[in-house]
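*Asks:* Below are the structure tokens for one structure; questions will follow.
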Amino acid sequence: MNTKTAVITGASRGIGRALALHLAKAGYDLAICAHSRTDSLAEVCHQVTAQGRRCVTYLGDMGNAASVQDFFGLILQEYPTIDVLINNAGISYVGLLQDMTDDQWDQILHTNLSSAFYCCRQVIPAMLSQKRGHILNISSVWGNVGASTEVAYSATKGGINAFTRALAKELAPSHICVNAIACGYIDTDMNGHLNETERQQLCDEIPAGRPGTPEDVATLAVSILQNSDYLTGQIISLDGGWI
Ligand code: NAD
């Protein structure tokens with residue numbers, strides 16, 4: 001059996017970390033990256049290799065085209081094919097839109113939206129020659145409905161949703177699937193700014209009565225990857241019935 005390979009951006013913690021561990025368990029060799037924290041990324045790599053899988057790591061900014069090119073250069077030296085790309089790296093910005101600086105706007109756009117373009121551009125030629133592949137974008141319910149004080153974040157995730165639908169149409173004739181998971185409130189460090197009262201208020205609004213876990217997202221991701229190439233162009237919400 002040929003081992004499949006998956007690239008996961010932003011895998012040092014949170015949802016990306018859970019994706020890495022679940023895909024390793026499902027039999028994938030991995031290439032993972034993060035923006036900072038070599039130690040956390042190395043720890044995830046260690047857990048992947050302990051499951052008998054190979055793992056390439058890279059520290060760099062996926063919002064920078066040159067870094068993305070470096071990362072994929074490294075991957076293609078190690079693996080002959082890339083079967084799966086998961087665009088997970090992302091940052092949030094909470095604050096009023098009129099207080100945002102140009103740098104803050106550019107940073108969130110590059111990290112959350114341009115990164116998906118840069119990574120897809122690198123991976124699509126290999127997937128086209130294989131006539132198969134899966135691109136999965138980790139999006140947000142705010143990309144569907146928008147959130148007050150998260151205007152830029154909502155814009156990037158709305159952009160990712162449109163990017164997903166359009167790219168799916170472009171690549172479906174080549175049997176390459178493009179889907180997105182629109183997460184609700186997932187319990188990760190990204191939400192570390194919330195105090196206990198705010199966390200409880202959010203849980204009270206969610207019919208399932210709890211935040212999602214990174215493992216909830218990873219379980220859905222693995223099941224999406226197991227589908228036929230007829231599942232494409234979909235933005236699948238995972239929010240406990242919230243939105
Ligand atoms: P997190 O902050 O816990 O982890 C983010 C990961 O992305 C880290 O590994 C970090 O190093 C990496 N990263 C950040 N900027 C990067 C860059 N420029 N280049 C490379 N790597 C970078 O966040 P999380 O909650 O696990 O979020 C993961 C994804 O899920 C993000 O795209 C986020 O928008 C999305 N999401 C999260 C939630 C939530 O409630 N946590 C909800 C909806 C969507």
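Quick note on naming: the chains in the structure tokens go A, B, ... in the order shown, residues restart at 1 in each chain, and ligands are numbered from 1 in order of appearance.
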Can you list every residue in region 37-157 of chain A that DSSP puts in helix (DSSP H, G or I), as a PyMOL selection string?
*Replies:* chain A and resi 38-50+65-78+97-99+102-130+142-145+151-157
*Asks:* Could you list the protein, DNA and RNA residues that have any atom within 7 Å of ligand 1, counting only C-alpha atoms and all ligand atoms, and write them as number ranges by chain?
*Replies:* A: 9-16, 33-36, 60-63, 88-92, 111-112, 138-141, 182-191
*Asks:* Please provide the set of residues having any atom within 8 Å of Ile236 (chain A), restricted to only C-alpha atoms, with same-chain residues fewer than 6 positions apart removed, written as an mmCIF file with C-alpha atoms, in the first residue's frame.
*Replies:*
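Wrote it out as out-v5.cif, contents follow:
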```cif
data_model
loop_
_atom_site.group_PDB
_atom_site.id
_atom_site.type_symbol
_atom_site.label_atom_id
_atom_site.label_comp_id
_atom_site.auth_asym_id
_atom_site.auth_seq_id
_atom_site.Cartn_x
_atom_site.Cartn_y
_atom_site.Cartn_z
ATOM 1 C CA ASN A 179 -13.812 21.829 0.739
ATOM 2 C CA ALA A 180 -13.851 23.908 3.904
ATOM 3 C CA ILE A 181 -14.848 23.345 7.509
ATOM 4 C CA ALA A 182 -16.516 26.447 8.963
#
```
*Asks:* Tell me, in Å to one decimal, how far CA of Val151 (chain A) is from CA of Ile108 (chain A).
*Replies:*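 Result for CA of Val151 (chain A) versus CA of Ile108 (chain A): 10.8 Å, one decimal.
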*Asks:* Excluding region 216-232 of chain A and its own-chain neighbours fewer than 3 positions away, which residues fall within 7 Å of it when counting only C-alpha atoms? Please give them as a count of residues only.
*Replies:* 14
*Asks:* With DSSP run on the backbone, what are the strand (DSSP E or B) residues within region 63-118 of chain A? I'd like them as a list in words.
*Replies:*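 Selection result, strand (DSSP E or B) within region 63-118 of chain A: Val84, Leu85, Ile86 and Asn87 of chain A.
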*Asks:* Using only C-alpha atoms, which of the listed residues (A:Lys25, A:His110, A:Arg54, A:Lys157) sits closest to Glu78 (chain A)?
*Replies:*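 Going through A:Lys25, A:His110, A:Arg54, A:Lys157 one by one, the smallest distance to Glu78 (chain A) is for A:Arg54.
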*Asks:* Quick one: everything within 12 Å of region 97-103 of chain A, counting only C-alpha atoms, minus sequence neighbours fewer than 4 positions away in the same chain. Send it as a list in words.
*Replies:*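 Everything that qualifies: Tyr93, Gln107, Ile108, Leu109, His110, Thr111, Ala147, Ser148, Thr149, Glu150, Val151, Ala152, Tyr153, Ser154 and Ala155 of chain A.
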*Asks:* Pull all heavy atoms from the residues just selected and write them as a tab-separated table (two decimals), in the first residue's frame.
*Replies:*
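Saved the output as part.tsv:
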```
chain	number	residue	atom	x	y	z
A	93	TYR	N	-8.26	38.78	15.00
A	93	TYR	CA	-8.09	40.17	15.44
A	93	TYR	C	-9.42	40.60	16.01
A	93	TYR	O	-10.44	40.58	15.32
A	93	TYR	CB	-7.70	41.09	14.27
A	93	TYR	CG	-7.65	42.55	14.68
A	93	TYR	CD1	-6.47	43.11	15.16
A	93	TYR	CD2	-8.80	43.36	14.62
A	93	TYR	CE1	-6.43	44.44	15.56
A	93	TYR	CE2	-8.76	44.69	15.02
A	93	TYR	CZ	-7.57	45.22	15.49
A	93	TYR	OH	-7.53	46.54	15.89
A	107	GLN	N	-1.62	41.99	7.82
A	107	GLN	CA	-1.18	40.74	8.45
A	107	GLN	C	-2.29	39.69	8.47
A	107	GLN	O	-2.06	38.52	8.15
A	107	GLN	CB	-0.69	41.00	9.88
A	107	GLN	CG	0.08	39.81	10.42
A	107	GLN	CD	0.30	39.85	11.92
A	107	GLN	OE1	-0.14	40.78	12.60
A	107	GLN	NE2	0.97	38.84	12.43
A	108	ILE	N	-3.50	40.11	8.80
A	108	ILE	CA	-4.58	39.11	8.87
A	108	ILE	C	-4.97	38.64	7.47
A	108	ILE	O	-5.24	37.45	7.25
A	108	ILE	CB	-5.78	39.61	9.71
A	108	ILE	CG1	-6.67	38.43	10.11
A	108	ILE	CG2	-6.57	40.70	9.03
A	108	ILE	CD1	-7.62	38.72	11.25
A	109	LEU	N	-4.93	39.55	6.50
A	109	LEU	CA	-5.23	39.14	5.12
A	109	LEU	C	-4.19	38.14	4.59
A	109	LEU	O	-4.54	37.12	3.99
A	109	LEU	CB	-5.30	40.35	4.20
A	109	LEU	CG	-6.69	40.56	3.62
A	109	LEU	CD1	-7.64	41.15	4.66
A	109	LEU	CD2	-6.66	41.44	2.40
A	110	HIS	N	-2.92	38.46	4.84
A	110	HIS	CA	-1.86	37.56	4.35
A	110	HIS	C	-1.92	36.21	5.04
A	110	HIS	O	-1.80	35.17	4.41
A	110	HIS	CB	-0.48	38.21	4.57
A	110	HIS	CG	-0.16	39.23	3.53
A	110	HIS	ND1	0.16	40.53	3.81
A	110	HIS	CD2	-0.13	39.14	2.19
A	110	HIS	CE1	0.37	41.20	2.69
A	110	HIS	NE2	0.20	40.38	1.69
A	111	THR	N	-2.11	36.24	6.37
A	111	THR	CA	-2.06	34.98	7.13
A	111	THR	C	-3.27	34.10	6.83
A	111	THR	O	-3.13	32.89	6.66
A	111	THR	CB	-2.02	35.28	8.65
A	111	THR	OG1	-0.94	36.17	8.90
A	111	THR	CG2	-1.84	34.01	9.46
A	147	ALA	N	-19.04	38.80	12.06
A	147	ALA	CA	-19.07	39.02	13.51
A	147	ALA	C	-18.65	40.46	13.82
A	147	ALA	O	-17.64	40.94	13.29
A	147	ALA	CB	-18.12	38.06	14.23
A	148	SER	N	-19.41	41.11	14.67
A	148	SER	CA	-19.03	42.44	15.16
A	148	SER	C	-17.69	42.34	15.89
A	148	SER	O	-17.44	41.34	16.58
A	148	SER	CB	-20.11	42.92	16.12
A	148	SER	OG	-19.69	44.06	16.80
A	149	THR	N	-16.85	43.32	15.74
A	149	THR	CA	-15.47	43.41	16.27
A	149	THR	C	-14.51	42.37	15.68
A	149	THR	O	-13.39	42.25	16.10
A	149	THR	CB	-15.39	43.34	17.83
A	149	THR	OG1	-15.66	42.00	18.26
A	149	THR	CG2	-16.31	44.33	18.50
A	150	GLU	N	-15.00	41.63	14.68
A	150	GLU	CA	-14.11	40.71	13.95
A	150	GLU	C	-14.35	40.88	12.45
A	150	GLU	O	-14.50	39.89	11.73
A	150	GLU	CB	-14.33	39.27	14.40
A	150	GLU	CG	-13.97	39.04	15.86
A	150	GLU	CD	-13.84	37.57	16.21
A	150	GLU	OE1	-13.02	36.89	15.58
A	150	GLU	OE2	-14.57	37.12	17.11
A	151	VAL	N	-14.39	42.13	12.01
A	151	VAL	CA	-14.74	42.42	10.61
A	151	VAL	C	-13.67	41.89	9.66
A	151	VAL	O	-13.98	41.21	8.68
A	151	VAL	CB	-14.96	43.94	10.40
A	151	VAL	CG1	-15.20	44.25	8.92
A	151	VAL	CG2	-16.13	44.43	11.25
A	152	ALA	N	-12.41	42.18	9.97
A	152	ALA	CA	-11.33	41.73	9.08
A	152	ALA	C	-11.26	40.21	9.07
A	152	ALA	O	-11.12	39.58	8.01
A	152	ALA	CB	-10.00	42.32	9.54
A	153	TYR	N	-11.36	39.61	10.26
A	153	TYR	CA	-11.33	38.14	10.35
A	153	TYR	C	-12.48	37.55	9.53
A	153	TYR	O	-12.28	36.61	8.74
A	153	TYR	CB	-11.45	37.73	11.82
A	153	TYR	CG	-11.41	36.24	12.05
A	153	TYR	CD1	-10.19	35.55	12.08
A	153	TYR	CD2	-12.58	35.51	12.26
A	153	TYR	CE1	-10.15	34.18	12.28
A	153	TYR	CE2	-12.55	34.14	12.47
A	153	TYR	CZ	-11.34	33.48	12.48
A	153	TYR	OH	-11.30	32.12	12.68
A	154	SER	N	-13.69	38.11	9.69
A	154	SER	CA	-14.85	37.62	8.94
A	154	SER	C	-14.61	37.76	7.44
A	154	SER	O	-14.97	36.86	6.65
A	154	SER	CB	-16.11	38.41	9.32
A	154	SER	OG	-16.36	38.32	10.71
A	155	ALA	N	-14.00	38.89	7.03
A	155	ALA	CA	-13.73	39.11	5.60
A	155	ALA	C	-12.77	38.05	5.06
A	155	ALA	O	-12.96	37.53	3.95
A	155	ALA	CB	-13.17	40.51	5.37
```
*Asks:* Closest to Thr81 (chain A) among A:Cys203, A:Ala126, A:Ala116, A:Ala166, using only C-alpha atoms?
*Replies:*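 Of the candidates, the smallest distance to Thr81 (chain A) is held by A:Ala126.
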*Asks:* In Å, rounded to a single decimal, give me how far CA of Ile243 (chain A) is from CA of Asn161 (chain A).
*Replies:*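 A separation of 15.9 Å between them.
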*Asks:* Here is a test: counting only C-alpha atoms, which residue of A:Leu238, A:Ala20, A:Ala26, A:Leu194 is nearest to Glu43 (chain A)?
*Replies:* A:Ala20
*Asks:* At what distance in Å, to one decimal, does CA of Gly143 (chain A) lie from CA of Gln201 (chain A)?
*Replies:*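 The value is 21.2 Å.
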*Asks:* Contacts of Ile75 (chain A) at 10 Å or less, counting only C-alpha atoms, minus same-chain residues fewer than 2 places along, as a VMD selection string?
*Replies:* chain A and resid 5 to 7 30 to 32 55 to 58 69 to 73 77 to 82
*Asks:* Using only C-alpha atoms for the distances, tell me which of A:Glu170, A:Glu198, A:Asp29, A:Glu205 is nearest to Asp83 (chain A).
*Replies:* A:Asp29
*Asks:* Let me make sure I understand: among A:Leu113, A:Ser237, A:Thr197, A:Ile124, which one has the smallest atom-to-atom distance to Asn144 (chain A) if we use only C-alpha atoms?
*Replies:* A:Ser237
*Asks:* Measuring between only C-alpha atoms, which one of A:Ser129, A:Leu136, A:Ile160, A:Gly209 shows the shortest distance to Ser174 (chain A)?
*Replies:*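 Residue with the minimum atom-to-atom distance to Ser174 (chain A): A:Ser129.
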